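Undergrad: Enclosed is the structure file upload12.txt (compact mmCIF, C-alpha atoms).
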# COMPACT_ATOMS: atom_id res chain seq x y z
CA MET P 679 -10.93 -16.18 -3.74
CA LEU P 680 -9.41 -13.17 -5.54
CA ASP P 681 -8.50 -15.39 -8.48
CA LEU P 682 -12.27 -15.77 -9.06
CA ALA P 683 -12.85 -12.02 -9.11
CA SER P 684 -11.91 -9.34 -11.59
CA CYS P 685 -10.11 -6.20 -10.45
CA GLU P 686 -11.99 -3.16 -11.79
CA ARG P 687 -11.45 0.54 -11.29
CA ILE P 688 -14.61 2.07 -9.89
CA LYS P 689 -16.99 3.70 -12.36
CA LEU P 690 -20.62 4.80 -12.39
CA GLU P 691 -21.83 1.34 -13.43
CA HIS P 692 -20.54 -0.05 -10.12
CA LEU P 693 -22.98 2.05 -8.15
CA ASP P 694 -25.48 -0.80 -8.58
CA VAL P 695 -23.24 -3.35 -6.83
CA VAL P 696 -21.55 -1.33 -4.08
CA PRO P 697 -24.65 -0.83 -1.85
CA ALA P 698 -24.61 -4.54 -0.95
CA PHE P 699 -21.00 -4.38 0.24
CA SER P 700 -20.56 -4.88 3.98
CA CYS P 701 -17.22 -5.34 5.71
CA GLY P 702 -18.50 -4.88 9.26
CA ASP P 703 -17.30 -1.29 9.52
CA ASN P 704 -19.83 1.43 8.66
CA GLU P 705 -17.17 4.02 7.83
CA LEU P 706 -15.53 1.80 5.23
CA ASP P 707 -18.89 0.71 3.78
CA GLU P 708 -20.00 4.31 3.58
CA TYR P 709 -16.76 5.36 1.91
CA LEU P 710 -17.27 2.79 -0.85
CA GLN P 711 -20.99 3.41 -1.24
CA LYS P 712 -20.96 7.21 -1.19
CA ASP P 713 -17.50 8.76 -1.43
CA ALA P 714 -15.27 6.53 -3.55
CA ILE P 715 -16.78 7.59 -6.89
CA HIS P 716 -16.31 11.29 -6.00
CA TYR P 717 -12.67 10.74 -4.99
CA GLU P 718 -12.24 8.89 -8.30
CA ASN P 719 -13.91 11.56 -10.43
CA HIS P 720 -11.90 14.35 -8.79
CA LEU P 721 -8.65 12.35 -9.06
CA TYR P 722 -8.04 12.38 -5.30
CA ALA P 723 -7.98 8.59 -4.97
CA SER P 724 -8.41 5.65 -7.32
CA THR P 725 -10.58 2.85 -6.02
CA TYR P 726 -10.20 -0.73 -7.24
CA LEU P 727 -12.95 -3.27 -6.69
CA PHE P 728 -12.75 -7.04 -6.78
CA VAL P 729 -15.98 -8.03 -8.46
CA LYS P 730 -17.18 -11.63 -8.49
CA GLY P 731 -19.95 -12.93 -10.69
CA ASN P 732 -22.48 -15.49 -9.56
CA PRO P 733 -21.96 -18.74 -11.54
CA ASP P 734 -25.71 -19.48 -11.39
CA ASN P 735 -26.70 -16.01 -12.50
CA PRO P 736 -24.03 -14.06 -14.42
CA THR P 737 -25.97 -10.81 -14.15
CA VAL P 738 -25.61 -10.85 -10.36
CA LYS P 739 -22.28 -9.46 -9.22
CA GLU P 740 -20.84 -8.76 -5.81
CA VAL P 741 -17.85 -6.78 -4.50
CA ILE P 742 -15.65 -8.98 -2.31
CA ALA P 743 -12.98 -6.38 -1.51
CA PHE P 744 -11.74 -2.93 -2.49
CA TYR P 745 -8.85 -0.56 -1.95
CA SER P 746 -8.14 3.10 -2.71
CA LEU P 747 -4.79 4.57 -3.71
CA SER P 748 -3.49 8.16 -3.70
CA SER P 749 -0.07 9.67 -4.12
CA ASP P 750 1.62 10.87 -0.95
CA ARG P 751 5.07 11.56 0.47
CA VAL P 752 6.85 11.49 3.81
CA ARG P 753 8.44 14.85 4.39
CA PRO P 754 9.91 16.85 7.23
CA ALA P 755 8.45 20.23 8.13
CA HIS P 756 8.49 22.98 5.48
CA PRO P 757 12.06 24.24 5.03
CA ASP P 758 11.10 27.82 5.85
CA SER P 759 9.34 26.92 9.07
CA LYS P 760 11.12 26.91 12.42
CA ASP P 761 11.07 23.10 12.41
CA GLY P 762 12.24 23.08 8.79
CA LYS P 763 15.30 25.16 9.58
CA ARG P 764 16.19 22.81 12.41
CA MET P 765 15.68 19.93 9.99
CA HIS P 766 18.05 21.53 7.50
CA GLU P 767 20.73 21.46 10.20
CA VAL P 768 19.94 17.84 11.10
CA LEU P 769 20.22 16.72 7.45
CA LYS P 770 23.44 18.71 6.99
CA ALA P 771 24.95 17.16 10.13
CA LYS P 772 24.02 13.68 8.90
CA ASN P 773 25.36 14.36 5.42
CA LEU P 774 21.95 13.57 3.89
CA PRO P 775 20.65 15.37 0.78
CA ILE P 776 19.26 18.74 1.83
CA ASN P 777 16.51 18.49 -0.80
CA LEU P 778 14.92 15.72 1.28
CA SER P 779 13.60 18.54 3.44
CA LYS P 780 11.82 20.01 0.39
CA LEU P 781 10.76 16.99 -1.58
CA GLY P 782 10.41 14.33 1.05
CA MET P 783 10.31 10.68 0.07
CA PRO P 784 7.69 9.51 -2.44
CA ALA P 785 4.90 7.24 -1.28
CA ILE P 786 1.58 5.71 -2.24
CA LEU P 787 -1.21 5.89 0.28
CA ILE P 788 -3.69 3.03 0.68
CA GLY P 789 -6.44 5.28 1.97
CA ARG P 790 -8.94 2.44 2.40
CA LEU P 791 -8.78 -1.34 2.14
CA ALA P 792 -11.63 -3.61 3.10
CA VAL P 793 -12.83 -7.17 2.58
CA ALA P 794 -16.54 -8.11 2.66
CA GLN P 795 -17.45 -9.78 5.93
CA VAL P 796 -18.44 -13.10 4.34
CA TYR P 797 -15.02 -13.41 2.70
CA GLN P 798 -12.86 -12.39 5.67
CA GLY P 799 -10.34 -14.91 6.99
CA ASN P 800 -9.15 -15.98 3.53
CA LYS P 801 -5.90 -13.95 3.42
CA ILE P 802 -7.49 -11.60 0.88
CA GLY P 803 -6.07 -8.48 2.59
CA THR P 804 -2.56 -9.97 2.64
CA ASN P 805 -2.85 -11.02 -1.00
CA ILE P 806 -3.93 -7.51 -2.00
CA ILE P 807 -0.99 -5.94 -0.16
CA ASP P 808 1.47 -8.44 -1.71
CA ALA P 809 0.06 -7.69 -5.15
CA ILE P 810 0.25 -3.92 -4.67
CA VAL P 811 3.87 -4.19 -3.44
CA PHE P 812 4.87 -6.27 -6.45
CA GLN P 813 2.97 -4.00 -8.83
CA ILE P 814 4.63 -0.84 -7.52
CA ILE P 815 8.10 -2.38 -7.64
CA THR P 816 7.80 -3.83 -11.12
CA GLN P 817 5.19 -1.78 -12.96
CA THR P 818 4.85 1.73 -11.60
CA PHE P 819 6.59 4.31 -13.74
CA LEU P 820 7.19 6.57 -10.73
CA GLY P 821 9.74 6.24 -7.98
CA VAL P 822 7.92 5.15 -4.83
CA ARG P 823 9.77 4.35 -1.62
CA PHE P 824 6.93 3.72 0.84
CA ILE P 825 3.40 2.40 0.98
CA LEU P 826 1.41 4.25 3.61
CA VAL P 827 -1.85 3.10 5.10
CA ASP P 828 -4.43 4.44 7.53
CA ALA P 829 -5.01 1.52 9.86
CA TYR P 830 -7.88 1.21 12.29
CA ARG P 831 -6.53 0.39 15.74
CA ASP P 832 -7.89 -3.16 15.68
CA LYS P 833 -6.09 -3.76 12.37
CA ILE P 834 -2.64 -2.57 13.47
CA GLN P 835 -1.53 -6.15 14.21
CA PHE P 836 -2.56 -7.22 10.71
CA TYR P 837 -0.38 -4.53 9.16
CA LEU P 838 2.54 -5.22 11.53
CA LYS P 839 2.41 -8.87 10.40
CA ASN P 840 2.61 -7.60 6.83
CA ASN P 841 5.82 -5.65 7.57
CA PHE P 842 4.28 -2.21 8.13
CA SER P 843 5.52 0.04 10.97
CA VAL P 844 3.74 2.85 12.79
CA LEU P 845 4.73 6.22 11.30
CA PHE P 846 3.95 8.37 14.34
CA PRO P 847 4.46 6.12 17.42
CA ASN P 848 3.33 8.89 19.79
CA GLU P 849 -0.14 8.78 18.19
CA LEU P 850 -0.67 5.34 19.70
CA SER P 851 -1.22 6.97 23.08
CA THR P 852 -3.83 9.40 21.71
CA ASP P 853 -7.47 8.73 20.89
CA LYS P 854 -6.86 8.91 17.13
CA GLU P 855 -8.97 6.32 15.38
CA LEU P 856 -6.73 5.92 12.32
CA ILE P 857 -3.03 5.22 12.74
CA ARG P 858 -0.80 5.95 9.76
CA MET P 859 1.66 3.15 9.04
CA PHE P 860 4.43 2.70 6.47
CA TYR P 861 5.98 -0.14 4.48
CA ASP P 862 9.49 0.33 3.15
CA LEU P 863 9.68 -0.98 -0.44
CA LEU P 864 13.47 -0.81 -0.67
CA PRO P 865 14.18 -4.30 0.79
CA VAL P 866 11.83 -5.84 -1.79
CA LYS P 867 13.44 -3.89 -4.61
CA LYS P 868 16.92 -4.94 -3.41
CA ALA P 869 15.86 -8.59 -3.20
CA LEU P 870 14.36 -8.52 -6.68
CA ILE P 871 17.41 -6.83 -8.21
CA SER P 872 19.71 -9.20 -6.36
CA LYS P 873 17.77 -12.24 -7.53
CA ASN P 874 17.84 -11.10 -11.14
CA GLN P 875 21.45 -9.94 -11.06
CA LYS P 876 22.58 -13.22 -9.51
CA GLN P 877 20.91 -15.03 -12.39
CA ASN P 878 23.03 -12.86 -14.69
CA GLY P 879 26.21 -13.20 -12.62
CA THR P 880 26.31 -9.70 -11.09
CA ASP P 881 24.70 -8.09 -8.07
CA LEU P 882 24.04 -4.33 -8.01
CA PHE P 883 23.55 -4.27 -4.23
CA GLY P 884 26.11 -6.95 -3.49
CA MET G 1191 -19.52 11.36 4.52
CA ALA G 1192 -16.86 8.97 5.84
CA THR G 1193 -13.61 10.27 7.37
CA PRO G 1194 -11.74 11.97 4.51
CA ILE G 1195 -8.52 10.54 3.10
CA THR G 1196 -5.77 13.04 3.85
CA PRO G 1197 -2.11 13.22 2.83
CA THR G 1198 0.56 12.61 5.43
CA ARG G 1199 1.35 15.65 7.57
CA ASP G 1200 4.90 16.96 7.66
CA LEU G 1201 7.12 15.39 10.28
CA THR G 1202 8.73 17.41 13.07
CA PRO G 1203 12.55 17.11 13.31
CA GLU G 1204 12.18 14.63 16.19
CA GLU G 1205 9.66 12.53 14.26
CA TRP G 1206 11.82 12.68 11.14
CA ASP G 1207 14.89 11.59 13.11
CA SER G 1208 13.05 8.66 14.62
CA PHE G 1209 11.53 7.80 11.22
CA MET G 1210 14.91 7.83 9.46
CA GLU G 1211 16.40 5.59 12.15
CA ARG G 1212 13.60 3.08 11.70
CA VAL G 1213 13.84 3.29 7.91
CA GLU G 1214 17.57 2.60 8.11
CA ALA G 1215 16.82 -0.49 10.19
CA SER G 1216 13.94 -1.62 7.96
CA SER G 1217 15.96 -1.19 4.77
CA GLU G 1218 18.20 -4.01 6.02
CA ARG G 1219 15.26 -6.42 6.19
CA HIS G 1220 16.05 -9.57 4.28
CA VAL G 1221 13.34 -10.49 1.81
CA THR G 1222 13.55 -14.18 0.95
CA ASN G 1223 12.97 -15.69 -2.47
CA ASP G 1224 9.87 -17.37 -1.03
CA GLU G 1225 8.47 -13.97 -0.05
CA LEU G 1226 9.20 -12.62 -3.53
CA LEU G 1227 7.52 -15.60 -5.11
CA ARG G 1228 4.47 -15.17 -2.87
CA MET G 1229 4.18 -11.51 -3.92
CA GLU G 1230 4.66 -12.39 -7.57
CA ARG G 1231 1.92 -15.03 -7.38
CA ALA G 1232 -0.42 -12.60 -5.61
CA TYR G 1233 0.26 -9.99 -8.30
CA GLU G 1234 -0.51 -12.46 -11.06
CA ALA G 1235 -3.67 -13.77 -9.39
CA VAL G 1236 -5.02 -10.41 -8.29
CA PHE G 1237 -4.45 -8.55 -11.55
CA LYS G 1238 -4.73 -11.56 -13.90
CA VAL G 1239 -1.49 -10.72 -15.64
CA ASP G 1240 1.82 -12.47 -16.09
CA SER G 1241 4.67 -11.24 -13.98
CA PRO G 1242 7.38 -9.34 -15.89
CA TYR G 1243 9.88 -11.28 -13.75
CA GLU G 1244 8.20 -14.62 -14.05
CA GLU G 1245 10.44 -17.65 -13.74
CA LYS G 1246 9.04 -20.14 -16.16
CA ARG G 1247 7.19 -22.54 -13.94
CA PRO G 1248 6.29 -26.03 -15.15
CA SER G 1249 2.51 -25.79 -14.85
CA SER G 1250 0.86 -22.45 -15.29
CA ASN G 1251 -1.14 -22.53 -12.12
CA SER G 1252 0.19 -19.09 -11.39
CA HIS G 1253 -3.15 -17.32 -11.34
CA LYS G 1254 -4.31 -19.48 -8.42
CA LEU G 1255 -3.90 -18.27 -4.87
CA ASP G 1256 -3.41 -20.38 -1.79
CA CYS G 1257 -6.47 -19.15 0.08
What does the file become when written as C-alpha cells?
TA:
Amino acid sequence: MLDLASCERIKLEHLDVVPAFSCGDNELDEYLQKDAIHYENHLYASTYLFVKGNPDNPTVKEVIAFYSLSSDRVRPAHPDSKDGKRMHEVLKAKNLPINLSKLGMPAILIGRLAVAQVYQGNKIGTNIIDAIVFQIITQTFLGVRFILVDAYRDKIQFYLKNNFSVLFPNELSTDKELIRMFYDLLPVKKALISKNQKQNGTDLFG
Amino acid sequence: MATPITPTRDLTPEEWDSFMERVEASSERHVTNDELLRMERAYEAVFKVDSPYEEKRPSSNSHKLDC
C-alpha cells in the first residue's frame, strides 16, 4: 500500500487533507490535525505523511499513515546531581567512558506513528519502521544508536515483535498511558557492515 | 491539544544499569540477510529511492512491498 503513496513532509497545504484522517485513536488524530504543523514549524518534530491520490479523481488525496521524528538521547542523571555522582562511580567501575554520563547515547524519537483505520492490517507500521531503520543506518549524517518510541499500551506487542524493548520496565506497573520503548540500531549496522565487508573479503566486526 | 511529545527523561543509576545490561544483550542480536533485505526493500518502497547498498537484482520490482 505504501508503494502507492508518496512520502511528504507536512506543510500548510496538507491541512486540507489531514482532517479526514482517522486511525481509531482520537489523540493521534488530533495530533495530526491540530499539533503536527506547529511542531513542524517550531522544529520540535518533523511529521511525514503518506499521501495517496485517488485514481478516479487525482485532485482527491488521502493520508494513509504518518509518523513524527525528533532528536533525543538516552542519558543517565545529570552528572552534578546526587544520582549523577553515583553514576560517575558506576561508569568508572565498569570502565565505561565517563562522558556517557554527560552526553548520553544519541537517539531518534518516533513521537507518533499511526495508520488510517481502513488501511490497518497491511503491515504498513512494520514497513515504516523497517524503512526508518534502514534510512537512519545508511543515510543519516548523524550518529544515532537508538530509535525510541512512545507506545500506547495496546501497541506494546507490536513494537516488541519489531525488536523494540521497554525502556523503563517499572512503568509497566503504573497507569502511564504511553510507554517509552527503544530499538538498538547497532546489530543492524553490524550486519550491514559485515555483509558488505564479506563481499570485499574483510569483516570489521569479525 | 494532544499529549505533548517530550524528550526522554534522565535515567537513575539503577535504570541506567538495567538499560546497559539489556543493551549489551540486544547488541548481540543476529540480524539475518533476509531481515536486511526486507528493511532495504521497505526503505526503497516507502521513500521511492534506490538503496545505496542495493544488490543488483534481476527485475527492478524493488519499489513494491509485500503487503
Undergrad: Please determine an axis-aligned box that encloses all atoms of region 716-721 of chain P listed in the file, with 5 Å added on each side, and express its centre and edge lengths in Å to one decimal as JSON.
TA:
{"center_x": -12.5, "center_y": 11.6, "center_z": -7.7, "size_x": 17.7, "size_y": 15.5, "size_z": 15.4}
Undergrad: Expressed in Å to a single decimal, how great is the separation between CA of Val796 (chain P) and CA of Cys701 (chain P)?
TA: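 Separation between CA of Val796 (chain P) and CA of Cys701 (chain P): 8.0 Å.
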Undergrad: I need the chain P residues near chain G as a PyMOL selection string; criterion: at most 8 Å, counting all atoms listed in the file.
TA: chain P and resi 679-681+684-685+705-706+708-709+712-713+750-756+761-762+764-765+768+787+789+800-802+805-806+808-813+816+845-846+862+864-866+869-870+873
Undergrad: Take the residues that were just selected and, keeping C-alpha atoms, output them as a compact mmCIF listing (two decimals), keeping the file's coordinate frame.
TA:
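Below is the file result-v3.txt, written as the result:
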# COMPACT_ATOMS: atom_id res chain seq x y z
CA MET P 679 -10.93 -16.18 -3.74
CA LEU P 680 -9.41 -13.17 -5.54
CA ASP P 681 -8.50 -15.39 -8.48
CA SER P 684 -11.91 -9.34 -11.59
CA CYS P 685 -10.11 -6.20 -10.45
CA GLU P 705 -17.17 4.02 7.83
CA LEU P 706 -15.53 1.80 5.23
CA GLU P 708 -20.00 4.31 3.58
CA TYR P 709 -16.76 5.36 1.91
CA LYS P 712 -20.96 7.21 -1.19
CA ASP P 713 -17.50 8.76 -1.43
CA ASP P 750 1.62 10.87 -0.95
CA ARG P 751 5.07 11.56 0.47
CA VAL P 752 6.85 11.49 3.81
CA ARG P 753 8.44 14.85 4.39
CA PRO P 754 9.91 16.85 7.23
CA ALA P 755 8.45 20.23 8.13
CA HIS P 756 8.49 22.98 5.48
CA ASP P 761 11.07 23.10 12.41
CA GLY P 762 12.24 23.08 8.79
CA ARG P 764 16.19 22.81 12.41
CA MET P 765 15.68 19.93 9.99
CA VAL P 768 19.94 17.84 11.10
CA LEU P 787 -1.21 5.89 0.28
CA GLY P 789 -6.44 5.28 1.97
CA ASN P 800 -9.15 -15.98 3.53
CA LYS P 801 -5.90 -13.95 3.42
CA ILE P 802 -7.49 -11.60 0.88
CA ASN P 805 -2.85 -11.02 -1.00
CA ILE P 806 -3.93 -7.51 -2.00
CA ASP P 808 1.47 -8.44 -1.71
CA ALA P 809 0.06 -7.69 -5.15
CA ILE P 810 0.25 -3.92 -4.67
CA VAL P 811 3.87 -4.19 -3.44
CA PHE P 812 4.87 -6.27 -6.45
CA GLN P 813 2.97 -4.00 -8.83
CA THR P 816 7.80 -3.83 -11.12
CA LEU P 845 4.73 6.22 11.30
CA PHE P 846 3.95 8.37 14.34
CA ASP P 862 9.49 0.33 3.15
CA LEU P 864 13.47 -0.81 -0.67
CA PRO P 865 14.18 -4.30 0.79
CA VAL P 866 11.83 -5.84 -1.79
CA ALA P 869 15.86 -8.59 -3.20
CA LEU P 870 14.36 -8.52 -6.68
CA LYS P 873 17.77 -12.24 -7.53
Undergrad: Go ahead and compute the interatomic distance for CA of Tyr745 (chain P) and CA of Asn732 (chain P), in Å to one decimal.
TA: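 A separation of 21.6 Å between them.
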Undergrad: What does the structure give for the distance between CA of Leu791 (chain P) and CA of Phe744 (chain P), in Å to one decimal?
TA: 5.7 Å
Undergrad: Would you mind telling me which residue in P:Leu690, P:Val738, P:Leu826, P:Ala698 lies nearest to Ile807 (chain P) when using all atoms listed in the file?
TA: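 With all atoms listed in the file as the atom set, the closest residue is P:Leu826.
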